[in-house]
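Colleague: Below is a structure I'd like to ask you about.
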Amino acid sequence: MMSCSAGAQVCDPSVMPVALALADDAGLAAVWSPRPRLQWRLATDRSGVGQRAYEVETSREPDFVSVLATTGRVEGEYPFSHLWPGMPLASRERVWARIRVWTDLGRTLWCEPLAVEAALFREADWTARPISPAFNVGVRCSAPAPLFRRAFSIDRPVASARLYVTALGLQQCWLNGAPVSADLLEPGWTAYGERHLYATYDVGDLLRSGENVIAGAVGDGWWRGKLTWTNRRAVYGDTTALLAQLEVDFVDGTRVIIATDEQWRATTGMIRSADIYDGCEIDRSLEPEGWREPGFDEREWAPVEMLELPSGLEQRRMPAARIVERLVPRWSRGADIRVDCGQNLTGFLELTGEALTRSRITVRHAEVLEADGSLHLAALRGAKATDVYTVEPGRFRLAPAFTYHGFRHARIEVVGEAVIDGIEACVVSSDLREIGAFSCSDSRIEQLASNIRWSQRGNFVTLPTDCPQRDERMGWTGDIQVFAPTACANYDVRGFLASWLRDLAIEQAGDGQVPSTVPNVIEGHPYEFGGVGWADAAVLVPWALYEAYGDRQVLETQFSSMCAWVDWAASRRNPQGVWRGDFHLGDWLDPGAPPDRPEEATTDRDFIASAYLSFSAGRLARICQVLGREVEAAGYVYLSQEVADASWRVWGQIAQGTQAGCAIAIAFAIAPPAQRRGVGERLADLVAMADGRIGTGFLGTPLVLPALSAAGQHEAAMRLLLNENSPGWLNQVLNGATTMWERWDAITSDGSIHAGDMAAEDAETMMSFNHYAYGSVGAWLYRHLAGLAPADLELPGARPGYRQIRFQPQPGGGIDAARAAIDTPFGTAGIDWRIVDDCLSIRLRVPPGANATFTVPSGWVFPEAGRDAPFGSGEFELLLARGA
């Protein structure tokens, strides 16, 4: 490693900041914020390293001959910047940035510099306007996707080129016949009325001397397509449009802008319809040949009309949806093809083959099969989930546009003389970086962990949805509220969930209520405001991001939203100090609830409402403390304790009648400290009385195992986890699940499928085989079974973002080995333990800049140190013996 140069300051040549990057993980050519945040890692062979401060510099050139601005030394132990040096970036501004840090031994060298380019920050930066042909204006039914085209000339050497692009609807663009990116379903789904995302692409390599062509297609998407089980259309608008601005900078210092305006031309082509729920219909004979290439004659195409810019244009800050994996399914040959992907997934099938005559190919999708081998379609409700292709003689490659499906199985019908000779399943998800890994010696638990991961992947498609298959696929707040800690461990979801939280604040009612779905597309429905557990996503999802990534910015951004929700909830208390009488979805799909009325759970909804108010108020108090708002913190601390005390007085005995009630009483500190052990014993008794079957719904499930662990009832926790009967996690696994089910008993041991009947008039059934809510157990697998957890932020001096790591493995249930690793902001933290004979062998990994404690599991002896022994960074091996 290089040594520090001579100077007045003491240097640390043993540490080097590396991997400098933007905290924005969109993967675009520009950064979304005028004050971008940077992140880095520390590379070192030295143990016990900690960062004490950092400095960021910017320059116009990568050699930093002259410095544009500097933060100076900033005290901070986290490997990311809270400050941007100097003035905010202007639109299109390009600078270089570099950092150095101070450790316990002194300052490091400067890291390799990073190029930073600003996006468009002002409405005035847009000369482009959305364009649409007259035949596409005011359309409120399924219609062909419009195609757009504009030719232009390049006559000078190009220095760089950027394409800023979005759509009213979904867009795909090409430059000289080549796609500008592999991104799908752009610009995703946001609260379009106030926030509309665009992307910035580097397209310099796609330009050529002479004639060039920029082309685009636009589908209905969430903008104009079907939404919700009530079959709404054109929720955001009845006109789809393309908004694109190509800026070409030449070597001579000049710039030309090719923007969507009246000079563009439009027509329709092979995409006859494309709908998120229904699928895509394509007739390849209607595609204008060569329309995306230079030299095409567009004179017969229609003129376009210009529309107003959408409100709240903002560059996307998180990765786009893309094909993240390709699977080769099993399939039969012939005119009636049965496809089994072997894995329930989100995406579509890509077909290759050859047609001898004009032929029609229909692809229908489903998650499971009926007893007779046919597709189970009832769970789709109103979603057709069908792609239809008409092909001409010759070779073909077929894939749908502007849609996706949730499926494992498909049936392909061929009418005409066509032979399919290749099928691939294209897995579609927002392309988030996988950061977590879990494994153990029990293959059933490993399959459960896999199911959780696949459900997260399949439902994190531009926003966190409930399911990917039926006429829903919406951002239910309750689902992500309970799943957020697991989500944060599996994938890097910082930008993804921070973006969604912006929409939550936008959709929040003026009185502070939070809708059940974000974006809110069920206005006026009885479930529009689902109450506690759902609305508490406003507080608990930002907290999960802070806990996992140490990101206080999300707390600052969402602070007003959090306060608005808790303050409104507090206003609903009665003279007893508790919350009674309002509608809440409650412990949704509790197995004791009537199957057709899942909101009527066995645990009192008013108790859950009051308990959640106490818990969210307590979390908000901690957030106030993090943000230095001590006066507000004191008020929320008082509110939290007052509601907890009142709730225990009213429901203390009643709550202990159900697993969810006990779990909430423990996890939310509703039970007084002196009584929590007894509540834990009662919860363990309830588990035993149920023969290990779980008795919780969406809100109780993420709490029951942590509550048992907190109460010292690990044996009961393992019994609940390892139960193979319904309801239970492993019952799903043993019945063939490859993703998480919405209902515990979606498929029974005899193979029959739950009817999913609902009493609601507008949705007669409700059944999904890809629903991550019960996958909230994943956080417990990491934190308790394997034993890799972030710091307990309730403790004084605790640090978030795995700055302080808790290693607290809990062997049991016959599991003799487990491993977990998470790529934290500091680097990879990991634990690997196994039982051999009467010894527990443990390997720990603490990344540079972090430290850790280790808690000796019950029944084992660690003679070399006491409980909570501290560790600095490095790798460690421990050997424990069985206790007396």
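In the structure tokens, each chain is lettered A, B, ... as it comes, each chain's residues begin at 1, and ligands are numbered from 1 in order of appearance.
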Determine, counting only C-alpha atoms, which protein, DNA and RNA residues have an atom within 9 Å of an atom of Asp431 of chain A; residues of the same chain fewer than 4 positions away are not included. Present the result as a list in words.

Modeller: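 Near neighbours after the sequence-gap exclusion: Met318, Pro319, Ala320, Ala321, Arg322, Ile323, Val324, Arg457, Phe460 and Val461 of chain A.
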
Colleague: Enumerate the residues of segment 183-319 of chain A with a DSSP assignment of helix (DSSP H, G or I), computed from the backbone, and present them as an MDAnalysis selection string.

Modeller: chainID A and resid 204:206 221:224 284:286

Colleague: Considering only C-alpha atoms, state which residue in the set A:Ile480, A:Ala21, A:Ala418, A:Leu878 is at the smallest distance from Arg358 of chain A.

Modeller: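 Closest to Arg358 of chain A, using only C-alpha atoms: A:Ala418.
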
Colleague: Can you tell me which residues surround Ser209 of chain A at a distance of at most 8 Å, considering only C-alpha atoms, apart from same-chain residues fewer than 3 positions away, and format the answer as JSON, numbers by chain?

Modeller: {"A": [153, 154, 155, 156, 212]}

Colleague: Atoms to include: N, CA, C and O atoms. Write the selected residues as a PDB file, in the first residue's frame.

Modeller:
```pdb
ATOM      1  N   SER A 153     -29.484  15.187 -37.876  1.00  0.00           N
ATOM      2  CA  SER A 153     -28.168  14.969 -38.480  1.00  0.00           C
ATOM      3  C   SER A 153     -27.059  15.352 -37.517  1.00  0.00           C
ATOM      4  O   SER A 153     -27.178  16.315 -36.746  1.00  0.00           O
ATOM      5  N   ILE A 154     -25.972  14.611 -37.559  1.00  0.00           N
ATOM      6  CA  ILE A 154     -24.757  14.892 -36.803  1.00  0.00           C
ATOM      7  C   ILE A 154     -23.644  15.176 -37.810  1.00  0.00           C
ATOM      8  O   ILE A 154     -23.328  14.325 -38.666  1.00  0.00           O
ATOM      9  N   ASP A 155     -23.026  16.375 -37.719  1.00  0.00           N
ATOM     10  CA  ASP A 155     -22.009  16.753 -38.708  1.00  0.00           C
ATOM     11  C   ASP A 155     -20.685  17.138 -38.081  1.00  0.00           C
ATOM     12  O   ASP A 155     -19.803  17.651 -38.753  1.00  0.00           O
ATOM     13  N   ARG A 156     -20.535  16.935 -36.756  1.00  0.00           N
ATOM     14  CA  ARG A 156     -19.311  17.293 -36.049  1.00  0.00           C
ATOM     15  C   ARG A 156     -18.974  16.217 -35.031  1.00  0.00           C
ATOM     16  O   ARG A 156     -19.857  15.452 -34.632  1.00  0.00           O
ATOM     17  N   ASN A 212     -29.328  10.429 -38.074  1.00  0.00           N
ATOM     18  CA  ASN A 212     -29.618   9.653 -36.871  1.00  0.00           C
ATOM     19  C   ASN A 212     -31.118   9.676 -36.639  1.00  0.00           C
ATOM     20  O   ASN A 212     -31.825  10.560 -37.129  1.00  0.00           O
TER      21      ASN A 212
END
```

Colleague: Would you list the contacts of segment 737-753 of chain A as a short mmCIF file (atom, residue, chain, number, x, y, z; two decimals) with C-alpha atoms, in the first residue's frame, taking every protein, DNA or RNA residue within 6 Å and counting only C-alpha atoms, but skipping same-chain residues closer than 5 positions in sequence?

Modeller:
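Output below, filename selection29.cif:
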```cif
data_model
loop_
_atom_site.label_atom_id
_atom_site.label_comp_id
_atom_site.auth_asym_id
_atom_site.auth_seq_id
_atom_site.Cartn_x
_atom_site.Cartn_y
_atom_site.Cartn_z
CA GLN A 343 -40.25 -21.42 -9.54
CA ASN A 344 -43.06 -18.96 -8.96
CA ASN A 451 -39.28 -18.22 -0.79
CA TRP A 454 -38.26 -14.63 -4.36
CA SER A 455 -41.37 -12.91 -3.02
CA PRO A 727 -50.98 -22.84 9.66
CA GLN A 732 -46.22 -23.91 2.90
CA SER A 768 -52.14 -14.99 -3.96
CA PHE A 769 -49.22 -17.39 -3.98
CA ASN A 770 -46.66 -14.57 -3.99
CA HIS A 771 -47.23 -12.25 -1.04
CA TYR A 772 -44.28 -11.36 1.19
#
```

Colleague: List the spatial neighbours of segment 77-79 of chain A as a list in words - criterion: any atom at most 6 Å away, only C-alpha atoms, same-chain residues fewer than 5 positions off excluded.

Modeller: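 The residues satisfying every condition are Gln39, Trp40, Gln51 and Arg52 of chain A.
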
Colleague: Write to file, as a JSON list (two decimals), in the first residue's frame, the residues of the selection just made, with N, CA and C atoms.

Modeller:
```json
[["chain", "number", "residue", "atom", "x", "y", "z"],
["A", 39, "GLN", "N", -20.59, 7.72, -0.95],
["A", 39, "GLN", "CA", -20.32, 6.61, -0.03],
["A", 39, "GLN", "C", -19.03, 5.94, -0.45],
["A", 40, "TRP", "N", -18.39, 5.26, 0.48],
["A", 40, "TRP", "CA", -17.11, 4.63, 0.23],
["A", 40, "TRP", "C", -16.91, 3.48, 1.19],
["A", 51, "GLN", "N", -13.20, 4.87, 11.41],
["A", 51, "GLN", "CA", -13.15, 6.20, 10.80],
["A", 51, "GLN", "C", -13.59, 7.23, 11.83],
["A", 52, "ARG", "N", -12.86, 8.33, 11.89],
["A", 52, "ARG", "CA", -13.21, 9.40, 12.82],
["A", 52, "ARG", "C", -13.71, 10.66, 12.12]]
```

Colleague: Using only C-alpha atoms, can you tell me which of A:Ala217, A:Ala118, A:Glu211, A:Gly295 comes closest to Ala167 of chain A?

Modeller: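 Ranking A:Ala217, A:Ala118, A:Glu211, A:Gly295 by distance to Ala167 of chain A, first place goes to A:Ala217.
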
Colleague: Taking into account only C-alpha atoms, which residue in the set A:Asp278, A:Glu556, A:Glu413, A:Glu370 is nearest to Ile337 of chain A?

Modeller: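 Going through A:Asp278, A:Glu556, A:Glu413, A:Glu370 one by one, the smallest distance to Ile337 of chain A is for A:Glu413.
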
Colleague: Here is a test: counting only C-alpha atoms, which residue of A:Thr486, A:Thr70, A:Ser499, A:Thr658 is nearest to Ala449 of chain A?

Modeller: A:Thr486

Colleague: Which parts of segment 13-247 of chain A does DSSP call strand (DSSP E) when run on the backbone here, written out as a VMD selection string?

Modeller: chain A and resid 15 to 22 38 to 44 51 to 59 69 to 70 74 to 75 94 to 103 106 to 107 114 to 117 131 to 133 146 to 154 158 to 168 170 to 175 178 to 179 196 to 202 210 to 219 241 to 247
